[in-house]
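The structure appears right after this line, and notes come after that.
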Amino acid sequence: MTQPQLDHIGIAVKSISDSLLLYRDLLGIEVGETEEVPTQKVRVLYLETGQTRTELLEAISEDSPIARFIDKRGQGLHHIAYRVENLQKSMDQLVESGCRLIYSEPHPGSHGTQINFIHPTSAGGILVELVEYLNDDTGQSSGEEPRS
C-alpha cells in the first residue's frame with residue numbers, strides 16, 4: 001500500500017447553512033458546492049482549507065449515520081479521511097491484517113469518489129475514511145497529487 005495522504009476532516013453538523021456563519025462569514029473560508037450522497041444519507045459541503053479540506057456533514061434522514069452520531073455525541077469531529085490510490089487493494093490489505101471495515105465493498109462517496117471506513121475498533125477509537133478519487137473536478141486520477 002502506498003502512503004495515503006490526508007484528504008479531509010469530516011465534521012458532523014445539524015445544519016450546514018447555520019455552520020456557515022462561523023466558517024464562511026467569520027473565518028472567511030471559501031466554500032464549495034453542496035452535494036447530497038444518498039447512499040450515506042448525508043448532505044456534504046467542502047470548505048477549501050488547503051490540500052486538506054474540511055467537510056461539513058448534515059443528515060438528510062433521521063436514520064442517517066450522521067443523525068445517529070449527533071444524537072449520541074452532539075456536533076463535532078466525525079472522521080478523518082485519507083486518499084488512497086486503489087481503494088480495493090487497500091481494503092484487501094487491511095482485512096488481511098485483521099482490520100474491521102464498515103463495508104465489505106467500496107461505496108460511492110461525494111465528488112466522484114469511492115469510499116470505505118475503518119471501524120473505530122480497529123483504529124484506536126477513530127473513524128477513518130479511505131477515499132479513492134476516480135475523477136475529481138480538476139480531472140486528476142487517484143494517483144495524482146491532491147489539488148491545492
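We label chains A, B, ... in the order they appear in the C-alpha cells, count residues from 1 in each chain, and number ligands from 1 in the order shown.
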Check the DSSP output for the backbone and give back, as a PyMOL selection string, the residues of chain A in strand (DSSP E or B). chain A and resi 5-12+30-37+42-48+53-59+76-83+101+107-108+113-118+128-133
Please produce a file of the residues just selected, as a compact mmCIF listing (two decimals), in the first residue's frame, where the atoms kept are N, CA and C atoms.
# COMPACT_ATOMS: atom_id res chain seq x y z
N GLN A 5 -2.50 10.01 1.72
CA GLN A 5 -2.41 11.43 2.03
C GLN A 5 -3.67 11.86 2.76
N LEU A 6 -3.53 12.73 3.75
CA LEU A 6 -4.70 13.25 4.45
C LEU A 6 -5.53 14.03 3.44
N ASP A 7 -6.79 13.66 3.27
CA ASP A 7 -7.67 14.26 2.28
C ASP A 7 -8.58 15.31 2.91
N HIS A 8 -9.30 14.91 3.95
CA HIS A 8 -10.21 15.86 4.60
C HIS A 8 -10.53 15.43 6.02
N ILE A 9 -11.09 16.35 6.75
CA ILE A 9 -11.59 16.11 8.10
C ILE A 9 -13.09 16.33 8.05
N GLY A 10 -13.86 15.35 8.52
CA GLY A 10 -15.31 15.42 8.49
C GLY A 10 -15.88 15.91 9.82
N ILE A 11 -16.75 16.91 9.74
CA ILE A 11 -17.38 17.47 10.93
C ILE A 11 -18.89 17.31 10.79
N ALA A 12 -19.51 16.64 11.76
CA ALA A 12 -20.96 16.45 11.76
C ALA A 12 -21.62 17.71 12.30
N GLU A 30 -13.37 29.82 2.03
CA GLU A 30 -14.09 29.64 0.77
C GLU A 30 -14.88 28.33 0.83
N VAL A 31 -16.13 28.37 0.39
CA VAL A 31 -16.96 27.17 0.41
C VAL A 31 -17.16 26.64 -1.00
N GLY A 32 -17.31 25.34 -1.09
CA GLY A 32 -17.59 24.69 -2.36
C GLY A 32 -19.08 24.47 -2.52
N GLU A 33 -19.42 23.58 -3.42
CA GLU A 33 -20.82 23.25 -3.68
C GLU A 33 -21.32 22.23 -2.67
N THR A 34 -22.60 22.32 -2.37
CA THR A 34 -23.24 21.32 -1.53
C THR A 34 -23.64 20.14 -2.42
N GLU A 35 -23.45 18.93 -1.90
CA GLU A 35 -23.78 17.73 -2.65
C GLU A 35 -24.48 16.74 -1.71
N GLU A 36 -25.51 16.08 -2.20
CA GLU A 36 -26.15 15.02 -1.43
C GLU A 36 -25.59 13.68 -1.86
N VAL A 37 -25.34 12.83 -0.86
CA VAL A 37 -24.85 11.48 -1.12
C VAL A 37 -25.92 10.53 -0.56
N VAL A 42 -26.63 11.78 3.53
CA VAL A 42 -25.94 12.95 4.04
C VAL A 42 -25.83 14.03 2.97
N ARG A 43 -25.82 15.26 3.41
CA ARG A 43 -25.51 16.43 2.57
C ARG A 43 -24.10 16.84 2.97
N VAL A 44 -23.27 17.10 1.96
CA VAL A 44 -21.85 17.38 2.18
C VAL A 44 -21.50 18.74 1.60
N LEU A 45 -20.69 19.48 2.33
CA LEU A 45 -20.12 20.73 1.82
C LEU A 45 -18.65 20.75 2.18
N TYR A 46 -17.80 20.88 1.15
CA TYR A 46 -16.36 21.02 1.40
C TYR A 46 -16.03 22.48 1.63
N LEU A 47 -15.21 22.70 2.63
CA LEU A 47 -14.62 24.02 2.87
C LEU A 47 -13.20 23.94 2.34
N GLU A 48 -12.81 24.90 1.53
CA GLU A 48 -11.49 24.89 0.91
C GLU A 48 -10.44 25.38 1.90
N ARG A 53 -8.91 19.43 3.04
CA ARG A 53 -10.15 20.19 3.13
C ARG A 53 -10.91 19.80 4.40
N THR A 54 -11.90 20.60 4.72
CA THR A 54 -12.81 20.32 5.82
C THR A 54 -14.17 20.02 5.20
N GLU A 55 -14.82 18.97 5.67
CA GLU A 55 -16.09 18.54 5.12
C GLU A 55 -17.16 18.68 6.19
N LEU A 56 -18.19 19.48 5.90
CA LEU A 56 -19.33 19.58 6.80
C LEU A 56 -20.36 18.55 6.36
N LEU A 57 -20.88 17.79 7.32
CA LEU A 57 -21.80 16.70 7.05
C LEU A 57 -23.12 16.95 7.77
N GLU A 58 -24.20 16.97 7.01
CA GLU A 58 -25.53 17.20 7.57
C GLU A 58 -26.42 16.02 7.17
N ALA A 59 -27.13 15.45 8.13
CA ALA A 59 -28.02 14.33 7.85
C ALA A 59 -29.19 14.78 6.98
N GLY A 76 -19.71 17.76 15.95
CA GLY A 76 -18.27 17.78 16.15
C GLY A 76 -17.53 16.87 15.19
N LEU A 77 -16.27 16.64 15.50
CA LEU A 77 -15.40 15.83 14.66
C LEU A 77 -16.00 14.44 14.47
N HIS A 78 -16.19 14.06 13.22
CA HIS A 78 -16.80 12.77 12.90
C HIS A 78 -15.76 11.77 12.41
N HIS A 79 -14.88 12.19 11.49
CA HIS A 79 -13.89 11.27 10.94
C HIS A 79 -12.73 12.03 10.33
N ILE A 80 -11.65 11.28 10.09
CA ILE A 80 -10.56 11.79 9.27
C ILE A 80 -10.50 10.90 8.03
N ALA A 81 -10.13 11.48 6.91
CA ALA A 81 -10.13 10.74 5.65
C ALA A 81 -8.77 10.80 4.98
N TYR A 82 -8.35 9.64 4.50
CA TYR A 82 -7.10 9.53 3.77
C TYR A 82 -7.38 9.14 2.33
N ARG A 83 -6.68 9.80 1.42
CA ARG A 83 -6.76 9.50 -0.01
C ARG A 83 -5.83 8.32 -0.28
N LEU A 101 -13.65 -3.36 8.66
CA LEU A 101 -14.14 -2.28 7.81
C LEU A 101 -15.65 -2.15 8.00
N HIS A 107 -18.10 1.97 -1.52
CA HIS A 107 -19.37 2.68 -1.70
C HIS A 107 -19.12 4.00 -2.40
N PRO A 108 -20.10 4.50 -3.16
CA PRO A 108 -19.94 5.82 -3.78
C PRO A 108 -19.92 6.90 -2.71
N THR A 113 -16.02 9.98 -5.86
CA THR A 113 -15.12 9.09 -5.14
C THR A 113 -15.77 7.76 -4.84
N GLN A 114 -14.93 6.82 -4.48
CA GLN A 114 -15.33 5.56 -3.87
C GLN A 114 -14.76 5.59 -2.46
N ILE A 115 -15.54 5.11 -1.47
CA ILE A 115 -15.11 5.22 -0.08
C ILE A 115 -15.35 3.93 0.69
N ASN A 116 -14.68 3.83 1.80
CA ASN A 116 -14.98 2.86 2.85
C ASN A 116 -14.41 3.43 4.14
N PHE A 117 -14.77 2.82 5.24
CA PHE A 117 -14.33 3.29 6.55
C PHE A 117 -13.69 2.15 7.32
N ILE A 118 -12.63 2.47 8.04
CA ILE A 118 -12.06 1.54 9.01
C ILE A 118 -12.85 1.75 10.29
N VAL A 128 -12.01 6.19 10.50
CA VAL A 128 -11.08 6.57 9.43
C VAL A 128 -11.72 6.23 8.10
N GLU A 129 -11.84 7.23 7.24
CA GLU A 129 -12.38 7.04 5.90
C GLU A 129 -11.24 6.87 4.92
N LEU A 130 -11.40 5.95 3.99
CA LEU A 130 -10.47 5.78 2.87
C LEU A 130 -11.18 6.27 1.62
N VAL A 131 -10.51 7.11 0.85
CA VAL A 131 -11.12 7.77 -0.30
C VAL A 131 -10.26 7.52 -1.54
N GLU A 132 -10.90 7.03 -2.60
CA GLU A 132 -10.24 6.95 -3.89
C GLU A 132 -10.98 7.87 -4.85
N TYR A 133 -10.26 8.84 -5.41
CA TYR A 133 -10.85 9.75 -6.39
C TYR A 133 -10.79 9.08 -7.75
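Of the listed residues (A:Val13, A:Ile70, A:Val84, A:Leu27), A:Leu27 comes nearest to Thr49 (chain A); the distances count only C-alpha atoms.
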For CA of Ile102 (chain A) and CA of Phe69 (chain A), determine how far apart the two atoms are, in Å to one decimal place. 14.9 Å
Identify, with DSSP run on backbone atoms, the residues in chain A assigned to alpha helix (DSSP H), and express the list as an MDAnalysis selection string. chainID A and resid 16:20 65:73 87:96
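Neighbouring residues of Gln88 (chain A) at 9 Å or closer, counting only C-alpha atoms and skipping chain neighbours under 4 positions away, are Asp92, Gln93, Glu105 and Pro106 of chain A.
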For the selection just defined, write its residues with C-alpha atoms to a file, as a CSV table (one decimal), in the first residue's frame.
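Result went into selection.csv, see below:
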chain,number,residue,atom,x,y,z
A,92,ASP,CA,-7.9,-6.2,0.9
A,93,GLN,CA,-4.7,-5.5,2.8
A,105,GLU,CA,-17.3,-3.4,-0.8
A,106,PRO,CA,-16.5,0.2,-1.8
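Among A:Gly125, A:Pro65, A:Gly112, A:Pro4, the residue with the shortest atom-to-atom distance to Gln40 (chain A), counting only C-alpha atoms, is A:Pro65.
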Would you mind reading off the distance between CA of Ile60 (chain A) and CA of Lys41 (chain A), one decimal, in Å? 5.4 Å
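Distance-wise, CA of Arg73 (chain A) and CA of Ser61 (chain A) end up 17.2 Å apart.
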